[in-house]
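Trainee: The file below is protein01.cif, mmCIF, C-alpha atoms; chains and numbers go by the auth columns:
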```cif
data_coords
loop_
_atom_site.group_PDB
_atom_site.id
_atom_site.type_symbol
_atom_site.label_atom_id
_atom_site.label_comp_id
_atom_site.label_asym_id
_atom_site.label_seq_id
_atom_site.Cartn_x
_atom_site.Cartn_y
_atom_site.Cartn_z
_atom_site.B_iso_or_equiv
_atom_site.auth_seq_id
_atom_site.auth_asym_id
ATOM 1 C CA MET A 1 26.114 31.737 27.459 0.00 6 J
ATOM 2 C CA LEU A 2 26.381 28.169 28.770 0.00 7 J
ATOM 3 C CA ARG A 3 22.909 28.483 30.285 0.00 8 J
ATOM 4 C CA THR A 4 21.472 29.535 26.915 0.00 9 J
ATOM 5 C CA LEU A 5 23.174 26.613 25.188 0.00 10 J
ATOM 6 C CA LYS A 6 21.853 24.198 27.830 0.00 11 J
ATOM 7 C CA ASP A 7 18.319 25.589 27.405 0.00 12 J
ATOM 8 C CA LEU A 8 18.557 25.163 23.650 0.00 13 J
ATOM 9 C CA LEU A 9 19.771 21.564 23.953 0.00 14 J
ATOM 10 C CA ASP A 10 17.055 20.776 26.496 0.00 15 J
ATOM 11 C CA THR A 11 14.357 21.886 24.081 0.00 16 J
ATOM 12 C CA PHE A 12 15.676 19.482 21.461 0.00 17 J
ATOM 13 C CA MET A 13 16.483 16.578 23.755 0.00 18 J
ATOM 14 C CA ALA A 14 13.483 16.453 26.084 0.00 19 J
ATOM 15 C CA PRO A 15 9.826 16.449 25.120 0.00 20 J
ATOM 16 C CA ALA A 16 7.927 19.529 26.189 0.00 21 J
ATOM 17 C CA ALA A 17 5.952 19.013 29.391 0.00 22 J
ATOM 18 C CA GLY A 18 2.884 20.605 27.833 0.00 23 J
ATOM 19 C CA GLN A 19 3.116 18.621 24.617 0.00 24 J
ATOM 20 C CA SER A 20 -0.207 17.153 23.527 0.00 25 J
ATOM 21 C CA PRO A 21 -0.633 13.367 23.397 0.00 26 J
ATOM 22 C CA ALA A 22 -0.915 13.600 19.600 0.00 27 J
ATOM 23 C CA ALA A 23 2.370 15.516 19.404 0.00 28 J
ATOM 24 C CA GLN A 24 4.039 12.976 21.698 0.00 29 J
ATOM 25 C CA GLU A 25 2.740 10.109 19.526 0.00 30 J
ATOM 26 C CA HIS A 26 4.024 11.849 16.390 0.00 31 J
ATOM 27 C CA ALA A 27 7.454 12.333 17.996 0.00 32 J
ATOM 28 C CA LEU A 28 7.538 8.632 18.925 0.00 33 J
ATOM 29 C CA GLN A 29 6.527 7.615 15.394 0.00 34 J
ATOM 30 C CA LEU A 30 9.249 9.843 13.959 0.00 35 J
ATOM 31 C CA ALA A 31 11.888 8.480 16.361 0.00 36 J
ATOM 32 C CA THR A 32 10.985 4.924 15.376 0.00 37 J
ATOM 33 C CA ALA A 33 10.994 5.766 11.672 0.00 38 J
ATOM 34 C CA VAL A 34 14.341 7.579 11.864 0.00 39 J
ATOM 35 C CA LEU A 35 16.069 4.578 13.450 0.00 40 J
ATOM 36 C CA LEU A 36 14.661 2.228 10.809 0.00 41 J
ATOM 37 C CA VAL A 37 15.642 4.646 8.029 0.00 42 J
ATOM 38 C CA GLU A 38 19.142 4.884 9.504 0.00 43 J
ATOM 39 C CA VAL A 39 19.555 1.120 9.032 0.00 44 J
ATOM 40 C CA MET A 40 18.423 1.530 5.421 0.00 45 J
ATOM 41 C CA ARG A 41 20.880 4.403 4.941 0.00 46 J
ATOM 42 C CA ALA A 42 23.758 2.447 6.523 0.00 47 J
ATOM 43 C CA ASP A 43 23.950 0.280 3.418 0.00 48 J
ATOM 44 C CA PRO A 44 25.603 2.251 0.597 0.00 49 J
ATOM 45 C CA ALA A 45 23.212 0.677 -1.924 0.00 50 J
ATOM 46 C CA ILE A 46 19.703 1.515 -0.736 0.00 51 J
ATOM 47 C CA ASP A 47 17.349 -1.105 -2.116 0.00 52 J
ATOM 48 C CA ALA A 48 13.584 -0.877 -2.684 0.00 53 J
ATOM 49 C CA ALA A 49 13.185 -4.001 -0.528 0.00 54 J
ATOM 50 C CA GLU A 50 14.724 -2.157 2.423 0.00 55 J
ATOM 51 C CA ARG A 51 12.309 0.738 1.973 0.00 56 J
ATOM 52 C CA LYS A 52 9.402 -1.737 1.890 0.00 57 J
ATOM 53 C CA ALA A 53 10.713 -3.343 5.094 0.00 58 J
ATOM 54 C CA VAL A 54 10.785 0.084 6.802 0.00 59 J
ATOM 55 C CA VAL A 55 7.190 0.778 5.760 0.00 60 J
ATOM 56 C CA ALA A 56 6.079 -2.719 6.815 0.00 61 J
ATOM 57 C CA ALA A 57 7.653 -2.322 10.268 0.00 62 J
ATOM 58 C CA LEU A 58 6.007 1.071 10.756 0.00 63 J
ATOM 59 C CA ARG A 59 2.667 -0.312 9.575 0.00 64 J
ATOM 60 C CA ARG A 60 2.906 -3.134 12.140 0.00 65 J
ATOM 61 C CA LYS A 61 3.721 -0.718 14.969 0.00 66 J
ATOM 62 C CA PHE A 62 1.442 2.228 14.190 0.00 67 J
ATOM 63 C CA ALA A 63 -2.082 2.399 12.778 0.00 68 J
ATOM 64 C CA LEU A 64 -1.351 4.789 9.903 0.00 69 J
ATOM 65 C CA ALA A 65 -2.850 5.131 6.444 0.00 70 J
ATOM 66 C CA ASP A 66 -0.601 4.627 3.417 0.00 71 J
ATOM 67 C CA ASP A 67 -0.265 8.371 2.764 0.00 72 J
ATOM 68 C CA GLU A 68 0.638 8.975 6.418 0.00 73 J
ATOM 69 C CA LEU A 69 3.275 6.228 6.242 0.00 74 J
ATOM 70 C CA ALA A 70 4.748 7.774 3.097 0.00 75 J
ATOM 71 C CA ARG A 71 4.935 11.206 4.748 0.00 76 J
ATOM 72 C CA LEU A 72 6.440 9.691 7.910 0.00 77 J
ATOM 73 C CA VAL A 73 9.174 7.884 5.958 0.00 78 J
ATOM 74 C CA GLU A 74 9.937 11.044 3.953 0.00 79 J
ATOM 75 C CA LEU A 75 10.160 13.106 7.133 0.00 80 J
ATOM 76 C CA ALA A 76 12.326 10.422 8.760 0.00 81 J
ATOM 77 C CA GLU A 77 14.716 10.447 5.803 0.00 82 J
ATOM 78 C CA ASN A 78 15.060 14.234 5.998 0.00 83 J
ATOM 79 C CA THR A 79 15.477 14.140 9.778 0.00 84 J
ATOM 80 C CA ALA A 80 18.065 11.343 9.576 0.00 85 J
ATOM 81 C CA LYS A 81 20.196 13.379 7.160 0.00 86 J
ATOM 82 C CA SER A 82 20.620 16.139 9.736 0.00 87 J
ATOM 83 C CA ALA A 83 20.767 13.999 12.894 0.00 88 J
ATOM 84 C CA TYR A 84 24.111 14.076 14.661 0.00 89 J
ATOM 85 C CA ASP A 85 23.358 11.315 17.190 0.00 90 J
ATOM 86 C CA TYR A 86 20.682 8.807 18.135 0.00 91 J
ATOM 87 C CA HIS A 87 20.101 9.865 21.738 0.00 92 J
ATOM 88 C CA ARG A 88 17.024 11.993 21.137 0.00 93 J
ATOM 89 C CA PHE A 89 15.399 9.138 19.223 0.00 94 J
ATOM 90 C CA THR A 90 16.373 6.288 21.542 0.00 95 J
ATOM 91 C CA SER A 91 15.465 8.279 24.667 0.00 96 J
ATOM 92 C CA SER A 92 11.935 8.782 23.328 0.00 97 J
ATOM 93 C CA ILE A 93 11.651 5.078 22.593 0.00 98 J
ATOM 94 C CA ASN A 94 13.106 4.145 25.989 0.00 99 J
ATOM 95 C CA GLU A 95 10.537 6.354 27.666 0.00 100 J
ATOM 96 C CA HIS A 96 7.474 5.044 25.800 0.00 101 J
ATOM 97 C CA PHE A 97 8.190 1.468 24.665 0.00 102 J
ATOM 98 C CA THR A 98 8.123 -1.602 26.878 0.00 103 J
ATOM 99 C CA HIS A 99 11.252 -3.718 26.912 0.00 104 J
ATOM 100 C CA GLU A 100 9.563 -6.275 24.642 0.00 105 J
ATOM 101 C CA GLN A 101 8.650 -3.500 22.170 0.00 106 J
ATOM 102 C CA LYS A 102 12.289 -2.387 22.127 0.00 107 J
ATOM 103 C CA VAL A 103 13.409 -5.953 21.360 0.00 108 J
ATOM 104 C CA ARG A 104 10.857 -6.057 18.521 0.00 109 J
ATOM 105 C CA MET A 105 12.237 -2.716 17.317 0.00 110 J
ATOM 106 C CA VAL A 106 15.710 -4.269 17.110 0.00 111 J
ATOM 107 C CA GLU A 107 14.214 -7.209 15.221 0.00 112 J
ATOM 108 C CA ALA A 108 12.548 -4.785 12.794 0.00 113 J
ATOM 109 C CA MET A 109 15.934 -3.121 12.213 0.00 114 J
ATOM 110 C CA TRP A 110 17.385 -6.546 11.385 0.00 115 J
ATOM 111 C CA GLN A 111 14.483 -7.153 8.995 0.00 116 J
ATOM 112 C CA VAL A 112 15.378 -3.936 7.180 0.00 117 J
ATOM 113 C CA ALA A 113 19.041 -4.964 7.059 0.00 118 J
ATOM 114 C CA TYR A 114 18.233 -8.420 5.653 0.00 119 J
ATOM 115 C CA ALA A 115 15.558 -7.174 3.220 0.00 120 J
ATOM 116 C CA ASP A 116 18.034 -6.856 0.340 0.00 121 J
ATOM 117 C CA ALA A 117 19.566 -10.300 1.027 0.00 122 J
ATOM 118 C CA HIS A 118 22.868 -8.654 1.992 0.00 123 J
ATOM 119 C CA LEU A 119 24.053 -7.674 5.458 0.00 124 J
ATOM 120 C CA ASP A 120 26.425 -4.729 5.290 0.00 125 J
ATOM 121 C CA ALA A 121 29.007 -4.254 8.068 0.00 126 J
ATOM 122 C CA HIS A 122 27.700 -0.727 8.663 0.00 127 J
ATOM 123 C CA GLU A 123 24.170 -2.072 9.210 0.00 128 J
ATOM 124 C CA ASN A 124 25.510 -4.612 11.695 0.00 129 J
ATOM 125 C CA HIS A 125 27.433 -1.957 13.626 0.00 130 J
ATOM 126 C CA LEU A 126 24.531 0.497 13.655 0.00 131 J
ATOM 127 C CA ILE A 127 22.006 -2.043 14.948 0.00 132 J
ATOM 128 C CA SER A 128 24.443 -3.114 17.657 0.00 133 J
ATOM 129 C CA LYS A 129 24.905 0.490 18.727 0.00 134 J
ATOM 130 C CA ILE A 130 21.170 1.268 18.780 0.00 135 J
ATOM 131 C CA ALA A 131 20.365 -1.973 20.619 0.00 136 J
ATOM 132 C CA GLY A 132 22.783 -0.876 23.344 0.00 137 J
ATOM 133 C CA LEU A 133 21.140 2.545 23.556 0.00 138 J
ATOM 134 C CA LEU A 134 17.757 0.804 23.884 0.00 139 J
ATOM 135 C CA HIS A 135 19.116 -1.364 26.742 0.00 140 J
ATOM 136 C CA VAL A 136 18.532 -4.572 24.792 0.00 141 J
ATOM 137 C CA THR A 137 20.822 -7.321 26.093 0.00 142 J
ATOM 138 C CA HIS A 138 23.308 -9.026 23.810 0.00 143 J
ATOM 139 C CA GLY A 139 21.339 -12.274 24.009 0.00 144 J
ATOM 140 C CA GLU A 140 18.107 -10.494 23.007 0.00 145 J
ATOM 141 C CA TYR A 141 19.991 -8.703 20.223 0.00 146 J
ATOM 142 C CA ILE A 142 21.287 -12.024 18.831 0.00 147 J
ATOM 143 C CA ALA A 143 17.878 -13.709 19.154 0.00 148 J
ATOM 144 C CA ALA A 144 16.240 -10.812 17.264 0.00 149 J
ATOM 145 C CA LYS A 145 18.901 -11.102 14.578 0.00 150 J
ATOM 146 C CA MET A 146 18.343 -14.849 14.215 0.00 151 J
ATOM 147 C CA ARG A 147 14.543 -14.443 13.987 0.00 152 J
ATOM 148 C CA ALA A 148 14.902 -11.762 11.299 0.00 153 J
ATOM 149 C CA LYS A 149 17.438 -13.860 9.401 0.00 154 J
ATOM 150 C CA ALA A 150 15.164 -16.923 9.546 0.00 155 J
ATOM 151 C CA ASP A 151 12.296 -14.839 8.171 0.00 156 J
ATOM 152 C CA ALA A 152 14.545 -13.539 5.375 0.00 157 J
ATOM 153 C CA VAL A 153 15.937 -16.948 4.319 0.00 158 J
ATOM 154 C CA PRO A 154 12.985 -17.913 2.062 0.00 159 J
ATOM 155 C CA PHE A 155 13.323 -14.595 0.241 0.00 160 J
ATOM 156 C CA ILE A 156 17.078 -14.937 -0.048 0.00 161 J
ATOM 157 C CA ASN A 157 16.825 -18.502 -1.360 0.00 162 J
ATOM 158 C CA LYS A 158 14.020 -17.516 -3.755 0.00 163 J
ATOM 159 C CA ASP A 159 16.158 -14.737 -5.227 0.00 164 J
ATOM 160 C CA ALA A 160 19.125 -17.071 -5.582 0.00 165 J
ATOM 161 C CA ASN A 161 17.189 -19.393 -7.900 0.00 166 J
#
```
Could I get this file's structure written as structure tokens?
Mentor:
Amino acid sequence: MLRTLKDLLDTFMAPAAGQSPAAQEHALQLATAVLLVEVMRADPAIDAAERKAVVAALRRKFALADDELARLVELAENTAKSAYDYHRFTSSINEHFTHEQKVRMVEAMWQVAYADAHLDAHENHLISKIAGLLHVTHGEYIAAKMRAKADAVPFINKDAN
């Protein structure tokens, strides 16, 4: 029984050896989208600006048409609702992204968090946790946060007027 359970978990946790490059790319796109969507979902009041920030980050990372981006975000939202941990997503990213790409991923998560001009404690905690799983150092994590915050300041100040 334990062997069967291990086999089942292995199929979900590890990419199939015979998986096509297109399937691997799709899995990587989904993993990225799920983590960004999770930041959006961490804030109890999901804002349209956060959704736009998720789409913008995915557009910067992947060459996808608007309809493909919409489907990816929808799939990511459905996947995030049933996800019980982040390991399968972060392991895919750790395997395929360079360290610099992972730092930019953390920065994109901060951009989503700051998109609504309000940083929720749950967003802060989630990004910290994911940054650790991506092996991003604390200094890189803080620098990514500061860059995202600096980019968000004009929008925050504009909304305050």
Trainee: Output the residue selection produced by the PyMOL selection byres ((chain J and resi 123) around 12) on the file above, formatted as a short mmCIF file (atom, residue, chain, number, x, y, z; two decimals) with C-alpha atoms, keeping the file's coordinate frame.
Mentor:
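result_12.cif, freshly written:
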```cif
data_model
loop_
_atom_site.label_atom_id
_atom_site.label_comp_id
_atom_site.auth_asym_id
_atom_site.auth_seq_id
_atom_site.Cartn_x
_atom_site.Cartn_y
_atom_site.Cartn_z
CA MET J 45 18.42 1.53 5.42
CA ASP J 48 23.95 0.28 3.42
CA PRO J 49 25.60 2.25 0.60
CA ALA J 50 23.21 0.68 -1.92
CA ILE J 51 19.70 1.52 -0.74
CA ASP J 52 17.35 -1.10 -2.12
CA ALA J 54 13.18 -4.00 -0.53
CA GLU J 55 14.72 -2.16 2.42
CA TRP J 115 17.39 -6.55 11.38
CA GLN J 116 14.48 -7.15 8.99
CA VAL J 117 15.38 -3.94 7.18
CA ALA J 118 19.04 -4.96 7.06
CA TYR J 119 18.23 -8.42 5.65
CA ALA J 120 15.56 -7.17 3.22
CA ASP J 121 18.03 -6.86 0.34
CA ALA J 122 19.57 -10.30 1.03
CA LEU J 124 24.05 -7.67 5.46
CA ASP J 125 26.42 -4.73 5.29
CA ALA J 126 29.01 -4.25 8.07
CA HIS J 127 27.70 -0.73 8.66
CA GLU J 128 24.17 -2.07 9.21
CA ASN J 129 25.51 -4.61 11.70
CA LYS J 154 17.44 -13.86 9.40
CA ALA J 157 14.54 -13.54 5.38
CA VAL J 158 15.94 -16.95 4.32
CA PHE J 160 13.32 -14.60 0.24
CA ILE J 161 17.08 -14.94 -0.05
CA ASP J 164 16.16 -14.74 -5.23
CA ALA J 165 19.12 -17.07 -5.58
#
```
Trainee: Rounded to one decimal, what separation in Å do you get between CA of Ala62 in chain J and CA of Ala75 in chain J?
Mentor: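 One can read the CA of Ala62 in chain J to CA of Ala75 in chain J distance as 12.7 Å.
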Trainee: Which residues match the PyMOL selection byres ((chain J and resi 61) around 12) in the file above, as a PyMOL selection string?
Mentor: chain J and resi 38+41+54-60+62-71+74-75+78+113-114+116-117+120
Trainee: Grab the CA of Lys107 in chain J to CA of Tyr89 in chain J distance for me, in Å with one decimal place.
Mentor: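 CA of Lys107 in chain J sits 21.6 Å away from CA of Tyr89 in chain J.
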Trainee: For Val108 in chain J, which residue out of J:Glu82, J:Tyr91, J:Leu77, J:Gly144 is the nearest one, using all atoms listed in the file?
Mentor: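 Looking at the shortest contact to Val108 in chain J, the residue is J:Gly144.
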Trainee: Which polymer residues have any atom within 10 Å of an atom of Ala81 in chain J, counting only C-alpha atoms, with same-chain residues fewer than 2 positions away left out, as number ranges by chain?
Mentor: J: 34-43, 75-79, 83-86
Trainee: Can you write just those residues out, C-alpha atoms, as a compact mmCIF listing (two decimals), keeping the file's coordinate frame?
Mentor:
```txt
# COMPACT_ATOMS: atom_id res chain seq x y z
CA GLN J 34 6.53 7.62 15.39
CA LEU J 35 9.25 9.84 13.96
CA ALA J 36 11.89 8.48 16.36
CA THR J 37 10.98 4.92 15.38
CA ALA J 38 10.99 5.77 11.67
CA VAL J 39 14.34 7.58 11.86
CA LEU J 40 16.07 4.58 13.45
CA LEU J 41 14.66 2.23 10.81
CA VAL J 42 15.64 4.65 8.03
CA GLU J 43 19.14 4.88 9.50
CA ALA J 75 4.75 7.77 3.10
CA ARG J 76 4.93 11.21 4.75
CA LEU J 77 6.44 9.69 7.91
CA VAL J 78 9.17 7.88 5.96
CA GLU J 79 9.94 11.04 3.95
CA ASN J 83 15.06 14.23 6.00
CA THR J 84 15.48 14.14 9.78
CA ALA J 85 18.07 11.34 9.58
CA LYS J 86 20.20 13.38 7.16
```
Trainee: Compare J:Ala53, J:Met151, J:Leu80, J:Val44 by their minimum atom-to-atom distance to Ile135 in chain J, counting only C-alpha atoms, and give me the closest one.
Mentor: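 When distances to Ile135 in chain J are compared using only C-alpha atoms, the smallest one comes from J:Val44.
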